[in-house]
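K.L.:
Input structure: target10.cif, which contains mmCIF, C-alpha atoms.
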data_work
loop_
_atom_site.group_PDB
_atom_site.id
_atom_site.type_symbol
_atom_site.label_atom_id
_atom_site.label_comp_id
_atom_site.auth_asym_id
_atom_site.auth_seq_id
_atom_site.Cartn_x
_atom_site.Cartn_y
_atom_site.Cartn_z
ATOM 1 C CA MET A 1 100.044 56.557 107.248
ATOM 2 C CA ARG A 2 98.321 58.896 109.646
ATOM 3 C CA LEU A 3 94.735 58.190 108.803
ATOM 4 C CA GLU A 4 93.195 60.939 110.913
ATOM 5 C CA TYR A 5 95.290 63.566 109.143
ATOM 6 C CA PHE A 6 94.789 62.081 105.690
ATOM 7 C CA GLN A 7 98.522 61.533 105.445
ATOM 8 C CA LEU A 8 98.176 58.363 103.442
ATOM 9 C CA ILE A 9 101.461 58.211 101.553
ATOM 10 C CA ASP A 10 104.600 57.386 103.542
ATOM 11 C CA ARG A 11 107.126 57.436 100.757
ATOM 12 C CA ILE A 12 107.406 57.874 97.021
ATOM 13 C CA VAL A 13 109.554 54.995 95.832
ATOM 14 C CA ASP A 14 109.552 55.576 92.091
ATOM 15 C CA LEU A 15 108.556 58.371 89.744
ATOM 16 C CA ARG A 16 108.937 58.144 85.982
ATOM 17 C CA LEU A 17 107.635 61.115 84.070
ATOM 18 C CA ALA A 18 108.441 59.678 80.658
ATOM 19 C CA ASP A 19 106.378 56.608 81.480
ATOM 20 C CA ARG A 20 103.823 58.720 83.389
ATOM 21 C CA THR A 21 103.979 56.384 86.377
ATOM 22 C CA ILE A 22 104.488 56.672 90.111
ATOM 23 C CA SER A 23 104.850 54.171 92.924
ATOM 24 C CA ALA A 24 104.463 54.875 96.603
ATOM 25 C CA GLU A 25 104.557 52.942 99.825
ATOM 26 C CA ALA A 26 102.347 53.202 102.876
ATOM 27 C CA THR A 27 102.066 51.198 106.060
ATOM 28 C CA VAL A 28 98.660 50.908 107.657
ATOM 29 C CA PRO A 29 99.021 51.989 111.302
ATOM 30 C CA SER A 30 98.589 49.380 113.982
ATOM 31 C CA GLU A 31 96.292 51.714 115.879
ATOM 32 C CA SER A 32 93.897 54.445 114.819
ATOM 33 C CA THR A 33 90.681 55.930 116.149
ATOM 34 C CA ILE A 34 89.167 55.014 112.806
ATOM 35 C CA PHE A 35 89.548 51.349 113.693
ATOM 36 C CA GLU A 36 87.483 51.899 116.811
ATOM 37 C CA GLY A 37 84.470 52.318 114.566
ATOM 38 C CA HIS A 38 85.529 50.434 111.450
ATOM 39 C CA PHE A 39 85.005 47.913 112.924
ATOM 40 C CA PRO A 40 84.870 47.273 116.673
ATOM 41 C CA GLY A 41 86.762 44.044 117.239
ATOM 42 C CA TYR A 42 87.612 43.691 113.549
ATOM 43 C CA PRO A 43 89.713 46.653 112.336
ATOM 44 C CA LEU A 44 89.676 47.236 108.587
ATOM 45 C CA MET A 45 90.955 50.180 106.595
ATOM 46 C CA PRO A 46 87.888 51.792 105.000
ATOM 47 C CA GLY A 47 87.549 51.544 101.250
ATOM 48 C CA VAL A 48 87.103 55.307 100.942
ATOM 49 C CA LEU A 49 90.563 55.772 102.455
ATOM 50 C CA LEU A 50 92.006 53.288 99.996
ATOM 51 C CA ALA A 51 90.415 55.349 97.215
ATOM 52 C CA GLU A 52 91.922 58.462 98.775
ATOM 53 C CA THR A 53 95.315 56.743 98.924
ATOM 54 C CA MET A 54 95.098 56.051 95.195
ATOM 55 C CA ALA A 55 93.980 59.650 94.619
ATOM 56 C CA GLN A 56 96.887 61.095 96.602
ATOM 57 C CA THR A 57 99.381 58.936 94.732
ATOM 58 C CA SER A 58 97.821 59.972 91.416
ATOM 59 C CA GLY A 59 97.914 63.551 92.621
ATOM 60 C CA TRP A 60 101.656 63.460 93.263
ATOM 61 C CA LEU A 61 102.164 62.195 89.747
ATOM 62 C CA VAL A 62 100.144 65.105 88.366
ATOM 63 C CA VAL A 63 102.024 67.542 90.599
ATOM 64 C CA ALA A 64 105.278 66.157 89.233
ATOM 65 C CA MET A 65 104.058 66.462 85.664
ATOM 66 C CA ASN A 66 103.251 70.154 86.111
ATOM 67 C CA ARG A 67 106.254 70.908 88.339
ATOM 68 C CA PHE A 68 104.254 72.136 91.328
ATOM 69 C CA GLU A 69 102.515 74.768 89.252
ATOM 70 C CA ARG A 70 99.033 73.392 89.770
ATOM 71 C CA MET A 71 97.054 71.391 92.294
ATOM 72 C CA PRO A 72 94.990 68.287 91.530
ATOM 73 C CA PHE A 73 91.663 67.739 93.288
ATOM 74 C CA LEU A 74 89.765 64.474 93.208
ATOM 75 C CA ALA A 75 86.700 64.741 90.963
ATOM 76 C CA ALA A 76 85.625 61.191 90.181
ATOM 77 C CA VAL A 77 86.359 57.594 91.123
ATOM 78 C CA LYS A 78 85.275 55.030 88.559
ATOM 79 C CA ASP A 79 85.302 51.285 88.352
ATOM 80 C CA ALA A 80 86.603 51.055 91.907
ATOM 81 C CA LYS A 81 87.052 47.491 93.085
ATOM 82 C CA PHE A 82 88.086 46.525 96.587
ATOM 83 C CA ARG A 83 89.305 42.981 96.393
ATOM 84 C CA THR A 84 90.965 42.271 99.711
ATOM 85 C CA PHE A 85 90.537 43.371 103.324
ATOM 86 C CA VAL A 86 93.242 45.737 104.527
ATOM 87 C CA THR A 87 94.206 45.330 108.153
ATOM 88 C CA PRO A 88 96.484 47.198 110.589
ATOM 89 C CA GLY A 89 100.193 46.776 109.914
ATOM 90 C CA MET A 90 99.901 45.929 106.222
ATOM 91 C CA VAL A 91 102.515 47.463 103.930
ATOM 92 C CA LEU A 92 100.818 48.803 100.836
ATOM 93 C CA SER A 93 102.308 49.370 97.412
ATOM 94 C CA VAL A 94 100.438 52.095 95.560
ATOM 95 C CA ASN A 95 100.852 52.608 91.829
ATOM 96 C CA ALA A 96 99.348 55.086 89.400
ATOM 97 C CA THR A 97 99.617 55.704 85.676
ATOM 98 C CA LEU A 98 98.526 58.861 83.926
ATOM 99 C CA LEU A 99 96.057 57.872 81.218
ATOM 100 C CA HIS A 100 95.382 61.363 79.950
ATOM 101 C CA GLU A 101 96.398 64.935 80.687
ATOM 102 C CA GLY A 102 93.583 67.181 79.519
ATOM 103 C CA SER A 103 92.972 70.884 79.810
ATOM 104 C CA GLY A 104 92.259 71.399 83.493
ATOM 105 C CA TYR A 105 91.903 67.735 84.308
ATOM 106 C CA ALA A 106 93.799 64.472 84.393
ATOM 107 C CA VAL A 107 92.742 60.835 84.322
ATOM 108 C CA THR A 108 94.746 58.132 86.060
ATOM 109 C CA LYS A 109 94.502 54.421 86.652
ATOM 110 C CA ALA A 110 95.678 53.371 90.076
ATOM 111 C CA ASN A 111 95.986 50.266 92.152
ATOM 112 C CA ILE A 112 97.105 49.091 95.567
ATOM 113 C CA SER A 113 98.694 45.761 96.353
ATOM 114 C CA THR A 114 100.491 44.084 99.214
ATOM 115 C CA LYS A 115 103.237 41.544 98.660
ATOM 116 C CA GLY A 116 102.095 41.256 95.056
ATOM 117 C CA LYS A 117 98.492 40.568 95.964
ATOM 118 C CA ALA A 118 95.919 42.935 94.448
ATOM 119 C CA ILE A 119 93.941 44.973 96.961
ATOM 120 C CA CYS A 120 92.048 47.536 94.907
ATOM 121 C CA ASP A 121 92.061 49.509 91.683
ATOM 122 C CA ALA A 122 90.168 52.377 90.081
ATOM 123 C CA VAL A 123 90.175 55.004 87.380
ATOM 124 C CA LEU A 124 90.387 58.486 88.852
ATOM 125 C CA THR A 125 89.585 61.893 87.424
ATOM 126 C CA LEU A 126 91.337 64.888 88.960
ATOM 127 C CA ARG A 127 90.577 68.520 88.351
ATOM 128 C CA VAL A 128 93.855 70.381 87.948
ATOM 129 C CA MET A 129 93.875 74.068 88.756
ATOM 130 C CA PRO A 130 96.127 76.794 90.118
ATOM 131 C CA PHE A 131 96.847 76.549 93.827
ATOM 132 C CA PRO A 132 94.046 78.383 95.627
ATOM 133 C CA ASN A 133 96.539 80.155 97.877
ATOM 134 C CA PRO A 134 100.288 80.283 98.590
ATOM 135 C CA GLU A 135 99.856 78.480 101.907
ATOM 136 C CA MET A 136 98.556 75.379 100.203
ATOM 137 C CA SER A 137 101.388 75.410 97.704
ATOM 138 C CA GLU A 138 103.909 75.727 100.513
ATOM 139 C CA GLN A 139 102.248 72.936 102.473
ATOM 140 C CA MET A 140 102.388 70.662 99.464
ATOM 141 C CA ARG A 141 106.091 71.318 99.101
ATOM 142 C CA LYS A 142 106.641 70.457 102.770
ATOM 143 C CA THR A 143 104.665 67.271 102.383
ATOM 144 C CA ALA A 144 106.639 66.452 99.246
ATOM 145 C CA GLU A 145 109.839 66.725 101.233
ATOM 146 C CA ARG A 146 108.466 64.495 103.972
ATOM 147 C CA ILE A 147 107.499 61.709 101.577
ATOM 148 C CA GLY A 148 110.713 61.812 99.586
ATOM 149 C CA PHE A 149 109.484 63.555 96.484
ATOM 150 C CA PRO A 150 112.608 63.854 94.320
ATOM 151 C CA ASN A 151 114.109 67.340 94.293
ATOM 152 C CA GLU A 152 114.905 66.996 90.627
ATOM 153 C CA VAL A 153 112.186 65.090 88.877
ATOM 154 C CA PRO A 154 113.870 63.011 86.208
ATOM 155 C CA ALA A 155 112.317 63.195 82.760
ATOM 156 C CA ASN A 156 113.036 59.557 82.066
ATOM 157 C CA GLY A 157 112.774 58.148 85.537
ATOM 158 C CA MET B 1 75.611 66.697 59.530
ATOM 159 C CA SER B 2 79.293 65.982 59.945
ATOM 160 C CA SER B 3 80.669 62.796 61.369
ATOM 161 C CA THR B 4 82.285 64.931 64.034
ATOM 162 C CA PHE B 5 78.848 65.835 65.322
ATOM 163 C CA ASP B 6 77.739 62.211 65.239
ATOM 164 C CA THR B 7 80.786 61.165 67.206
ATOM 165 C CA ILE B 8 80.308 63.733 69.952
ATOM 166 C CA ALA B 9 76.557 63.146 70.060
ATOM 167 C CA ASN B 10 77.188 59.450 70.580
ATOM 168 C CA ILE B 11 79.751 60.224 73.277
ATOM 169 C CA ILE B 12 77.293 62.500 75.080
ATOM 170 C CA ALA B 13 74.481 59.979 74.800
ATOM 171 C CA GLU B 14 76.626 57.222 76.230
ATOM 172 C CA THR B 15 78.408 59.272 78.886
ATOM 173 C CA CYS B 16 75.383 61.139 80.220
ATOM 174 C CA ASP B 17 72.653 58.608 79.482
ATOM 175 C CA ILE B 18 70.814 61.099 77.271
ATOM 176 C CA PRO B 19 68.620 59.701 74.461
ATOM 177 C CA ARG B 20 70.599 60.039 71.235
ATOM 178 C CA ASP B 21 67.532 61.297 69.366
ATOM 179 C CA SER B 22 67.257 64.304 71.652
ATOM 180 C CA ILE B 23 70.755 65.509 70.806
ATOM 181 C CA THR B 24 70.830 67.811 67.796
ATOM 182 C CA PRO B 25 73.430 70.094 66.224
ATOM 183 C CA ASP B 26 71.625 73.050 67.794
ATOM 184 C CA SER B 27 71.610 71.533 71.289
ATOM 185 C CA HIS B 28 73.479 73.519 73.907
ATOM 186 C CA ALA B 29 75.383 71.024 76.035
ATOM 187 C CA ILE B 30 74.745 72.936 79.247
ATOM 188 C CA ASN B 31 71.493 74.801 78.730
ATOM 189 C CA ASP B 32 69.597 72.220 76.689
ATOM 190 C CA LEU B 33 71.137 68.898 77.672
ATOM 191 C CA GLY B 34 71.821 69.778 81.313
ATOM 192 C CA ILE B 35 75.401 68.533 81.259
ATOM 193 C CA ASP B 36 77.331 69.762 84.279
ATOM 194 C CA SER B 37 81.033 70.490 84.486
ATOM 195 C CA LEU B 38 81.945 67.118 85.953
ATOM 196 C CA ASP B 39 80.101 65.198 83.255
ATOM 197 C CA PHE B 40 81.710 67.461 80.703
ATOM 198 C CA LEU B 41 85.122 66.307 81.917
ATOM 199 C CA ASP B 42 84.117 62.767 80.945
ATOM 200 C CA ILE B 43 82.932 64.022 77.584
ATOM 201 C CA ALA B 44 86.142 65.981 77.062
ATOM 202 C CA PHE B 45 88.185 62.896 77.928
ATOM 203 C CA ALA B 46 86.258 60.823 75.407
ATOM 204 C CA ILE B 47 86.526 63.545 72.738
ATOM 205 C CA ASP B 48 90.256 63.991 73.378
ATOM 206 C CA LYS B 49 90.757 60.259 72.951
ATOM 207 C CA ALA B 50 88.479 59.921 69.916
ATOM 208 C CA PHE B 51 90.063 62.776 67.977
ATOM 209 C CA GLY B 52 93.589 62.737 69.370
ATOM 210 C CA ILE B 53 93.323 66.342 70.515
ATOM 211 C CA LYS B 54 93.222 68.321 73.734
ATOM 212 C CA LEU B 55 90.092 70.430 74.033
ATOM 213 C CA PRO B 56 91.251 73.782 75.458
ATOM 214 C CA LEU B 57 88.587 73.832 78.153
ATOM 215 C CA GLU B 58 90.474 76.182 80.433
ATOM 216 C CA GLN B 59 90.999 78.707 77.660
ATOM 217 C CA TRP B 60 87.352 78.541 76.643
ATOM 218 C CA THR B 61 86.191 78.941 80.230
ATOM 219 C CA GLN B 62 88.470 81.936 80.662
ATOM 220 C CA GLU B 63 87.172 83.553 77.499
ATOM 221 C CA VAL B 64 83.579 83.092 78.629
ATOM 222 C CA ASN B 65 84.354 84.419 82.107
ATOM 223 C CA ASP B 66 86.106 87.430 80.600
ATOM 224 C CA GLY B 67 83.163 88.157 78.324
ATOM 225 C CA LYS B 68 85.263 87.550 75.216
ATOM 226 C CA ALA B 69 83.122 84.619 74.098
ATOM 227 C CA THR B 70 79.702 83.183 74.738
ATOM 228 C CA THR B 71 79.015 79.645 75.849
ATOM 229 C CA ASP B 72 77.144 79.191 72.561
ATOM 230 C CA GLN B 73 80.416 79.426 70.673
ATOM 231 C CA TYR B 74 81.799 76.359 72.404
ATOM 232 C CA PHE B 75 78.906 74.392 73.787
ATOM 233 C CA VAL B 76 76.280 74.441 71.034
ATOM 234 C CA LEU B 77 77.162 71.132 69.459
ATOM 235 C CA LYS B 78 77.494 72.291 65.854
ATOM 236 C CA ASN B 79 79.928 74.932 67.081
ATOM 237 C CA LEU B 80 81.745 72.410 69.263
ATOM 238 C CA SER B 81 82.028 70.168 66.196
ATOM 239 C CA ALA B 82 83.545 73.038 64.230
ATOM 240 C CA ARG B 83 86.052 73.754 67.035
ATOM 241 C CA ILE B 84 87.022 70.084 67.092
ATOM 242 C CA ASP B 85 87.486 70.057 63.317
ATOM 243 C CA GLU B 86 89.750 73.099 63.647
ATOM 244 C CA LEU B 87 91.826 71.399 66.358
ATOM 245 C CA VAL B 88 92.130 68.235 64.293
ATOM 246 C CA ALA B 89 93.169 70.260 61.241
ATOM 247 C CA ALA B 90 95.703 72.223 63.288
ATOM 248 C CA LYS B 91 97.175 69.000 64.615
ATOM 249 C CA GLY B 92 97.695 67.678 61.100
ATOM 250 C CA ALA B 93 99.114 70.935 59.752
#
Is it possible to express this structure as structure tokens?

P.N.:
Amino acid sequence: MRLEYFQLIDRIVDLRLADRTISAEATVPSESTIFEGHFPGYPLMPGVLLAETMAQTSGWLVVAMNRFERMPFLAAVKDAKFRTFVTPGMVLSVNATLLHEGSGYAVTKANISTKGKAICDAVLTLRVMPFPNPEMSEQMRKTAERIGFPNEVPANG
Amino acid sequence: MSSTFDTIANIIAETCDIPRDSITPDSHAINDLGIDSLDFLDIAFAIDKAFGIKLPLEQWTQEVNDGKATTDQYFVLKNLSARIDELVAAKGA
């Protein structure tokens, strides 16, 4: 994770299109300027960044479903629950399931855990639209390569 | 009025916290009920689930933007009900 750059997913560890699921891994950095303010002397990963981590993981699932043709943007976070403090150095397991693929939107249910212990979960709505420009599409492909997005997305995982 | 209308009226009332009595077949979801695009995504999700269909929101939006259709055709609730009935019928065909 590079919190300041919103690079919140380190690695995609599993992607199953037939099951509409994705799993990713992310390690909370030991140091970040964000921890200087949140909180001084007691560093915690902010809940909004955990929500963003779930959104990014959900987003990669949607990107996989539409084969990089369209870009998901976070539109709503519902029923978000933050159950456990997240501290520097924690290894996070992030999972998302596509609940519904609508026309121009998708709904996912996502969660984060560490060593099997629940951290947070939420239902996310993403608007799904054509990439606003070629640069963004290209950047997404570069990021996909960095996080181990499979070159050939298997239909059955 | 059709049960389709009742279903979507109930969905709108619950999703957008709009009094059910104020929702009529002639209500325009946007102009009369003040539903914005984000709330309409919730409504579309609920409608898709309830009827087992996929409302073609992108197609409708494109048609309105291109001047090929009016918002009344899709967002006045009696018309929306008719569109849903068509989609359900097409699914079963």

K.L.:
Taking the file as shown, what set of residues would the PyMOL selection byres ((chain B) within 7 of (chain A)) give back, as a list of chain:residue names?

P.N.:
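This file gives the following for the PyMOL selection byres ((chain B) within 7 of (chain A)): B:Lys54, B:Leu55, B:Pro56, B:Leu57, B:Glu58.
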
K.L.:
Give me the result of the PyMOL selection byres ((chain B and resi 35) around 12) on this file, residue by residue, as an mmCIF file with C-alpha atoms, in the coordinates of the input.

P.N.:
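Below you can see selection-v1.cif, which holds the result:
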data_model
loop_
_atom_site.group_PDB
_atom_site.id
_atom_site.type_symbol
_atom_site.label_atom_id
_atom_site.label_comp_id
_atom_site.auth_asym_id
_atom_site.auth_seq_id
_atom_site.Cartn_x
_atom_site.Cartn_y
_atom_site.Cartn_z
ATOM 1 C CA ILE B 12 77.293 62.500 75.080
ATOM 2 C CA ALA B 13 74.481 59.979 74.800
ATOM 3 C CA THR B 15 78.408 59.272 78.886
ATOM 4 C CA CYS B 16 75.383 61.139 80.220
ATOM 5 C CA ASP B 17 72.653 58.608 79.482
ATOM 6 C CA ILE B 18 70.814 61.099 77.271
ATOM 7 C CA ILE B 23 70.755 65.509 70.806
ATOM 8 C CA SER B 27 71.610 71.533 71.289
ATOM 9 C CA HIS B 28 73.479 73.519 73.907
ATOM 10 C CA ALA B 29 75.383 71.024 76.035
ATOM 11 C CA ILE B 30 74.745 72.936 79.247
ATOM 12 C CA ASN B 31 71.493 74.801 78.730
ATOM 13 C CA ASP B 32 69.597 72.220 76.689
ATOM 14 C CA LEU B 33 71.137 68.898 77.672
ATOM 15 C CA GLY B 34 71.821 69.778 81.313
ATOM 16 C CA ASP B 36 77.331 69.762 84.279
ATOM 17 C CA SER B 37 81.033 70.490 84.486
ATOM 18 C CA LEU B 38 81.945 67.118 85.953
ATOM 19 C CA ASP B 39 80.101 65.198 83.255
ATOM 20 C CA PHE B 40 81.710 67.461 80.703
ATOM 21 C CA LEU B 41 85.122 66.307 81.917
ATOM 22 C CA ASP B 42 84.117 62.767 80.945
ATOM 23 C CA ILE B 43 82.932 64.022 77.584
ATOM 24 C CA ALA B 44 86.142 65.981 77.062
ATOM 25 C CA PHE B 75 78.906 74.392 73.787
ATOM 26 C CA VAL B 76 76.280 74.441 71.034
#

K.L.:
With distances taken over only C-alpha atoms, which residue among A:Ile112, A:Leu98, A:Met140, A:Val77 lies nearest Ala18 of chain A?

P.N.:
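Nearest to Ala18 of chain A: A:Leu98.
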
K.L.:
For Leu8 of chain A, which of A:Leu92, A:Val123, A:Ala64, A:Arg83 is the closest residue, counting only C-alpha atoms?

P.N.:
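Result for the nearest residue to Leu8 of chain A: A:Leu92.
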
K.L.:
Could you please determine the separation between atom CA of Ala93 of chain B and atom CA of Glu63 of chain B in Å, to one decimal place?

P.N.:
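For atom CA of Ala93 of chain B relative to atom CA of Glu63 of chain B, the distance reads 24.8 Å.
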
K.L.:
If you measure from atom CA of Arg70 of chain A to atom CA of Ala26 of chain A, what distance in Å do you get, rounded to one decimal?

P.N.:
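Computing it gives 24.3 Å between the two atoms.
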